[in-house]
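Trainee: Next comes start.txt, compact mmCIF, C-alpha atoms:
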# COMPACT_ATOMS: atom_id res chain seq x y z
CA MET A 62 119.54 70.90 115.23
CA TYR A 63 117.63 69.32 112.35
CA GLY A 64 119.12 71.83 109.89
CA ALA A 65 122.66 71.24 111.13
CA MET A 66 122.26 67.47 111.08
CA LYS A 67 120.70 67.61 107.60
CA VAL A 68 123.72 69.53 106.30
CA ALA A 69 126.14 67.19 108.07
CA ILE A 70 124.45 64.05 106.75
CA GLY A 71 122.74 65.27 103.60
CA GLY A 72 125.84 66.86 102.08
CA PRO A 73 127.92 63.67 102.10
CA LEU A 74 124.92 61.58 100.99
CA LYS A 75 124.31 63.81 97.98
CA LEU A 76 128.01 63.95 97.11
CA GLY A 77 128.74 60.27 97.61
CA PHE A 78 125.57 58.62 96.28
CA ARG A 79 124.08 61.31 93.98
CA PRO A 80 120.45 60.22 94.55
CA TRP A 81 117.97 61.14 91.84
CA VAL A 82 114.42 62.29 92.54
CA GLU A 83 111.25 62.67 90.46
CA GLY A 84 108.05 64.45 91.46
CA LEU A 85 109.38 67.05 93.91
CA GLU A 86 106.63 69.37 92.68
CA ASN A 87 104.11 67.08 94.42
CA ILE A 88 105.41 68.07 97.87
CA PRO A 89 103.40 71.09 99.10
CA ALA A 90 105.46 74.16 100.01
CA THR A 91 103.45 74.61 103.21
CA GLY A 92 100.85 72.78 105.26
CA PRO A 93 100.51 69.22 106.54
CA ALA A 94 100.97 66.13 104.39
CA ILE A 95 101.70 62.44 104.92
CA LEU A 96 104.56 60.86 102.99
CA ALA A 97 103.74 57.15 102.68
CA SER A 98 106.75 55.23 101.42
CA ASN A 99 107.88 51.70 100.70
CA HIS A 100 110.67 50.58 103.02
CA LEU A 101 113.73 48.86 101.60
CA SER A 102 116.58 50.04 103.80
CA PHE A 103 117.55 51.70 107.08
CA SER A 104 118.83 54.57 104.91
CA ASP A 105 115.36 55.41 103.51
CA SER A 106 114.74 57.79 106.42
CA PHE A 107 117.89 59.71 105.49
CA PHE A 108 117.78 59.82 101.69
CA LEU A 109 114.20 61.11 101.52
CA PRO A 110 114.64 64.08 103.92
CA THR A 111 117.96 64.89 102.25
CA MET A 112 116.22 65.60 98.95
CA LEU A 113 113.40 67.72 100.39
CA ASP A 114 113.51 71.36 101.43
CA ARG A 115 110.98 70.79 104.21
CA LYS A 116 111.52 68.84 107.42
CA VAL A 117 110.10 65.31 107.50
CA THR A 118 109.37 63.62 110.81
CA PHE A 119 109.50 59.83 111.04
CA ILE A 120 109.01 57.58 114.05
CA ALA A 121 111.61 55.23 115.51
CA LYS A 122 111.56 52.65 118.29
CA ALA A 123 112.19 54.14 121.73
CA GLU A 124 115.21 51.89 122.31
CA TYR A 125 117.21 54.12 119.98
CA PHE A 126 116.71 56.98 122.45
CA THR A 127 117.13 55.19 125.77
CA THR A 128 120.19 52.96 125.34
CA PRO A 129 122.70 53.77 128.12
CA GLY A 130 126.36 54.66 127.67
CA VAL A 131 128.27 56.93 125.30
CA LYS A 132 127.15 55.03 122.20
CA GLY A 133 123.53 55.23 123.36
CA LYS A 134 123.74 58.98 123.89
CA LEU A 135 125.29 59.50 120.47
CA THR A 136 122.62 57.35 118.86
CA ALA A 137 119.85 59.29 120.62
CA ALA A 138 121.36 62.63 119.56
CA PHE A 139 121.63 61.40 115.99
CA PHE A 140 118.01 60.28 115.74
CA LYS A 141 116.72 63.45 117.37
CA GLY A 142 118.84 65.49 115.01
CA VAL A 143 117.38 63.87 111.89
CA GLY A 144 113.81 64.41 113.07
CA GLN A 145 112.95 60.97 114.42
CA LEU A 146 110.36 60.61 117.18
CA PRO A 147 110.64 57.86 119.80
CA VAL A 148 107.75 55.39 120.02
CA ASP A 149 107.36 53.20 123.08
CA ARG A 150 106.30 49.71 121.96
CA SER A 151 105.78 48.33 125.45
CA GLY A 152 102.13 49.37 125.77
CA SER A 153 99.23 46.98 125.40
CA ARG A 154 98.60 48.04 121.80
CA GLY A 155 102.26 48.52 120.95
CA ALA A 156 103.68 50.99 118.51
CA GLY A 157 100.45 51.44 116.54
CA GLU A 158 98.68 53.81 118.90
CA ALA A 159 101.89 55.70 119.68
CA ALA A 160 102.58 56.16 115.96
CA ILE A 161 99.05 57.43 115.34
CA LYS A 162 99.28 59.93 118.18
CA SER A 163 102.71 61.13 117.04
CA GLY A 164 101.57 61.46 113.44
CA ILE A 165 98.52 63.51 114.34
CA GLU A 166 100.61 65.86 116.49
CA VAL A 167 103.11 66.42 113.68
CA LEU A 168 100.39 67.13 111.13
CA GLU A 169 98.50 69.45 113.47
CA ARG A 170 101.66 71.58 113.54
CA GLY A 171 101.39 71.86 109.76
CA GLU A 172 104.44 69.67 109.10
CA LEU A 173 105.30 66.62 107.00
CA PHE A 174 104.90 63.20 108.57
CA GLY A 175 106.71 60.19 107.09
CA ILE A 176 105.38 56.68 107.54
CA TYR A 177 106.07 53.20 106.17
CA PRO A 178 102.70 51.45 105.71
CA GLU A 179 104.38 48.02 105.52
CA GLY A 180 105.40 48.50 109.15
CA THR A 181 108.92 47.14 108.66
CA ARG A 182 111.58 46.82 106.00
CA SER A 183 110.92 44.47 103.10
CA PRO A 184 112.91 41.25 103.65
CA ASP A 185 113.45 40.61 99.93
CA GLY A 186 112.87 43.82 97.96
CA ARG A 187 109.22 43.10 97.20
CA LEU A 188 106.31 45.32 98.27
CA TYR A 189 104.16 43.88 101.04
CA ARG A 190 100.63 44.51 102.22
CA GLY A 191 100.14 47.79 104.08
CA LYS A 192 98.96 47.74 107.68
CA PRO A 193 95.62 49.58 107.83
CA GLY A 194 95.90 51.08 111.32
CA GLY A 195 98.49 53.84 111.31
CA LEU A 196 98.45 55.44 107.87
CA ALA A 197 94.70 55.40 107.25
CA ARG A 198 93.70 56.48 110.75
CA VAL A 199 96.13 59.41 110.75
CA ALA A 200 94.97 60.49 107.30
CA LEU A 201 91.26 60.35 108.20
CA ALA A 202 91.74 61.96 111.62
CA THR A 203 93.62 64.95 110.19
CA GLY A 204 92.35 65.28 106.63
CA ALA A 205 95.95 65.63 105.46
CA PRO A 206 96.73 64.51 101.89
CA VAL A 207 98.69 61.30 101.46
CA ILE A 208 101.65 61.49 99.09
CA PRO A 209 102.88 58.07 97.86
CA VAL A 210 106.66 57.74 97.71
CA ALA A 211 108.82 55.01 96.17
CA MET A 212 112.40 54.46 97.27
CA ILE A 213 114.40 52.86 94.46
CA ASP A 214 117.43 50.54 94.94
CA THR A 215 118.25 51.67 98.49
CA GLU A 216 118.38 48.02 99.60
CA LYS A 217 121.31 47.44 97.22
CA ILE A 218 123.53 50.03 98.90
CA GLN A 219 124.23 47.93 101.99
CA PRO A 220 122.77 44.42 101.74
CA PRO A 221 122.56 42.28 104.90
CA GLY A 222 125.99 41.10 106.00
CA LYS A 223 127.86 43.87 104.18
CA VAL A 224 129.83 46.31 106.33
CA MET A 225 130.84 48.84 103.68
CA PRO A 226 128.09 50.50 101.63
CA LYS A 227 128.17 50.30 97.87
CA LEU A 228 128.45 53.65 96.11
CA MET A 229 125.53 53.71 93.68
CA ARG A 230 122.66 56.01 92.75
CA PRO A 231 119.42 55.31 94.63
CA GLY A 232 116.26 57.01 93.48
CA ILE A 233 113.05 58.53 94.83
CA ARG A 234 109.74 58.83 92.98
CA ILE A 235 107.08 61.04 94.52
CA GLY A 236 103.50 60.63 93.37
CA LYS A 237 100.59 63.02 93.29
CA PRO A 238 98.74 63.70 96.58
CA LEU A 239 95.79 61.43 97.35
CA ASP A 240 92.69 62.98 98.89
CA PHE A 241 90.68 60.81 101.28
CA SER A 242 88.40 63.53 102.63
CA ARG A 243 85.42 61.51 101.37
CA TYR A 244 86.11 59.07 104.21
CA GLN A 245 86.73 61.61 106.97
CA GLY A 246 85.07 60.66 110.24
CA MET A 247 85.03 56.97 109.24
CA GLU A 248 88.33 55.98 110.85
CA GLY A 249 86.45 53.45 112.99
CA ASP A 250 85.36 51.45 109.92
CA ARG A 251 87.90 48.70 109.28
CA PHE A 252 86.74 48.29 105.67
CA VAL A 253 87.38 51.97 104.99
CA LEU A 254 90.81 51.74 106.62
CA ARG A 255 91.63 48.75 104.41
CA ALA A 256 90.42 50.53 101.28
CA VAL A 257 92.48 53.66 102.01
CA THR A 258 95.61 51.62 102.72
CA ASP A 259 95.24 49.46 99.63
CA GLU A 260 94.79 52.52 97.42
CA VAL A 261 98.01 54.02 98.76
CA MET A 262 99.91 50.74 98.36
CA TYR A 263 98.70 50.44 94.76
CA GLU A 264 100.11 53.89 93.98
CA ILE A 265 103.42 53.01 95.65
CA MET A 266 103.56 49.81 93.60
CA LYS A 267 103.07 51.77 90.37
CA LEU A 268 105.82 54.21 91.33
CA SER A 269 108.32 51.60 92.52
CA GLY A 270 107.71 48.82 90.00
CA GLN A 271 108.01 46.28 92.83
CA GLU A 272 106.31 42.92 92.82
CA TYR A 273 103.38 43.07 95.25
CA VAL A 274 102.89 40.35 97.86
CA ASP A 275 99.48 40.13 99.54
CA MET A 276 100.80 39.37 103.01
CA TYR A 277 102.40 41.39 105.79
CA ALA A 278 106.17 41.84 105.74
CA THR A 279 106.35 40.75 109.38
CA ALA A 280 104.79 37.40 108.45
CA ALA A 281 107.19 37.06 105.52
CA LYS A 282 110.13 37.69 107.85
CA ARG A 283 108.89 34.96 110.19
CA GLN A 284 108.60 32.54 107.28
CA ILE A 285 112.12 33.37 106.11
CA ALA A 286 113.49 33.00 109.65
CA ASP A 287 111.68 29.68 110.12
CA ALA A 288 112.97 28.40 106.79
CA ALA A 289 116.52 29.44 107.67
CA LYS A 290 116.21 27.73 111.06
CA ALA A 291 114.86 24.56 109.46
CA GLU A 292 117.68 24.56 106.91
CA LYS A 293 120.27 25.02 109.68
CA GLU A 294 118.78 22.12 111.65
CA ALA A 295 118.79 19.97 108.52
CA GLN A 296 122.44 20.79 107.93
CA LYS A 297 123.27 19.82 111.55
CA GLU A 298 121.45 16.51 111.12
CA ALA A 299 123.27 15.89 107.85
CA GLN A 300 126.61 16.59 109.54
CA LYS A 301 125.74 14.19 112.38
CA GLU A 302 124.82 11.47 109.90
CA ALA A 303 128.03 12.08 107.97
CA GLN A 304 130.04 11.82 111.20
CA LYS A 305 128.28 8.58 112.11
CA GLU A 306 128.98 7.10 108.69
CA ALA A 307 132.63 8.18 108.92
CA GLN A 308 132.90 6.60 112.38
CA LYS A 309 131.34 3.35 111.14
CA SER A 310 133.70 3.31 108.18
CA ALA A 311 136.68 3.87 110.49
CA GLU A 312 135.53 1.07 112.82
CA LYS A 313 135.14 -1.35 109.90
CA SER A 314 138.60 -0.47 108.66
CA ALA A 315 140.00 -1.04 112.17
CA ASP A 316 138.23 -4.42 112.43
CA LYS A 317 139.59 -5.56 109.06
CA GLY A 318 143.06 -4.46 110.07
CA GLY A 319 142.79 -6.48 113.29
CA GLU A 320 141.65 -9.57 111.39
CA ARG A 321 144.61 -9.36 109.01
CA GLY A 322 147.01 -8.87 111.92
CA GLY A 323 145.60 -11.94 113.76
CA SER A 324 145.97 -14.18 110.75
Mind turning this structure into structure tokens?

Mentor:
Amino acid sequence: MYGAMKVAIGGPLKLGFRPWVEGLENIPATGPAILASNHLSFSDSFFLPTMLDRKVTFIAKAEYFTTPGVKGKLTAAFFKGVGQLPVDRSGSRGAGEAAIKSGIEVLERGELFGIYPEGTRSPDGRLYRGKPGGLARVALATGAPVIPVAMIDTEKIQPPGKVMPKLMRPGIRIGKPLDFSRYQGMEGDRFVLRAVTDEVMYEIMKLSGQEYVDMYATAAKRQIADAAKAEKEAQKEAQKEAQKEAQKSAEKSADKGGERGGS
């Protein structure tokens, strides 16, 4: 099913968008490896596998696989077809543990596992701090090499609020594999996990050319949402004040008109 879906989706993507790729020689022909990528767009999980000969397995929230109805079934079939694995985020430790377990299973089969260390899409095109749990723990538990990947311009294809995608050439830069075997067996050390993650994020930054922000993307999204909410509330207050002023002005005009009529 993966092969059929890759042809069905990959063919039109290649033809329509003509993505370019550098560093394909850094992807091993066989054996396990972790592809650690920046995350700019929903389409990242489609463009990257399209340009690789080998299957890449990413994780996706379980809701994509369990939504009822015809649309839900089609969505589930689509995500299964492109190699996505469902992750249940309802547990006490959320998606983190499920992602780690899924990643280890994929790598133990000798396959490629794709992961976004930022944990979510960048809200503004900048590169955010990598979360140390998933990527580093999977790498140290399996000994698999980590290959940094940079998606280029995918966020410009379909910006928020746009229905139709823009036909343009996104890019992919694939870096040299990183070996963290020196830390194997130390996945319980939070300082080691941080060091591994930061090293990977530094390589992604060099490949992508993005501005680096030393905070989590989830926190940045909250800040942006809070700022948007505050701005909306301020606009409402400004409208109320404008309406009050207009009402006062109308009342004054009515009073003056009454005075002239009485005289």

Trainee: Could you check which of A:Ala159, A:Ala202, A:Leu196, A:Ile218 is closest to Thr258 of chain A, using only C-alpha atoms?

Mentor: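 Result for the nearest residue to Thr258 of chain A: A:Leu196.
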
Trainee: For a test of reading the model, state the distance in Å between atom CA of Val210 of chain A and atom CA of Tyr189 of chain A, rounded to one decimal.

Mentor: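 Between these atoms lies a distance of 14.5 Å.
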
Trainee: With only C-alpha atoms as the basis for distance, which of A:Arg230, A:Arg190, A:Lys237, A:Arg198 is at the shortest distance from Gly249 of chain A?

Mentor: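 Comparing A:Arg230, A:Arg190, A:Lys237, A:Arg198 against Gly249 of chain A, the winner is A:Arg198.
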
Trainee: Quick one: of A:Met112, A:Leu188, A:Val207, A:Ile213, who's nearest to Glu272 of chain A, counting only C-alpha atoms?

Mentor: A:Leu188

Trainee: Pick from A:Val131, A:Met225, A:Gly195, A:Ala211: nearest to Glu264 of chain A, with only C-alpha atoms counted?

Mentor: A:Ala211

Trainee: Between atom CA of Pro238 of chain A and atom CA of Pro209 of chain A, what is the spacing in Å?

Mentor: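 Separation between atom CA of Pro209 of chain A and atom CA of Pro238 of chain A: 7.1 Å.
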
Trainee: Within 10 Å of Leu113 of chain A, counting only C-alpha atoms, which residues show up once you throw out same-chain ones fewer than 6 positions away? Write them as a list in words, please.

Mentor: Val82, Leu85 and Ile88 of chain A
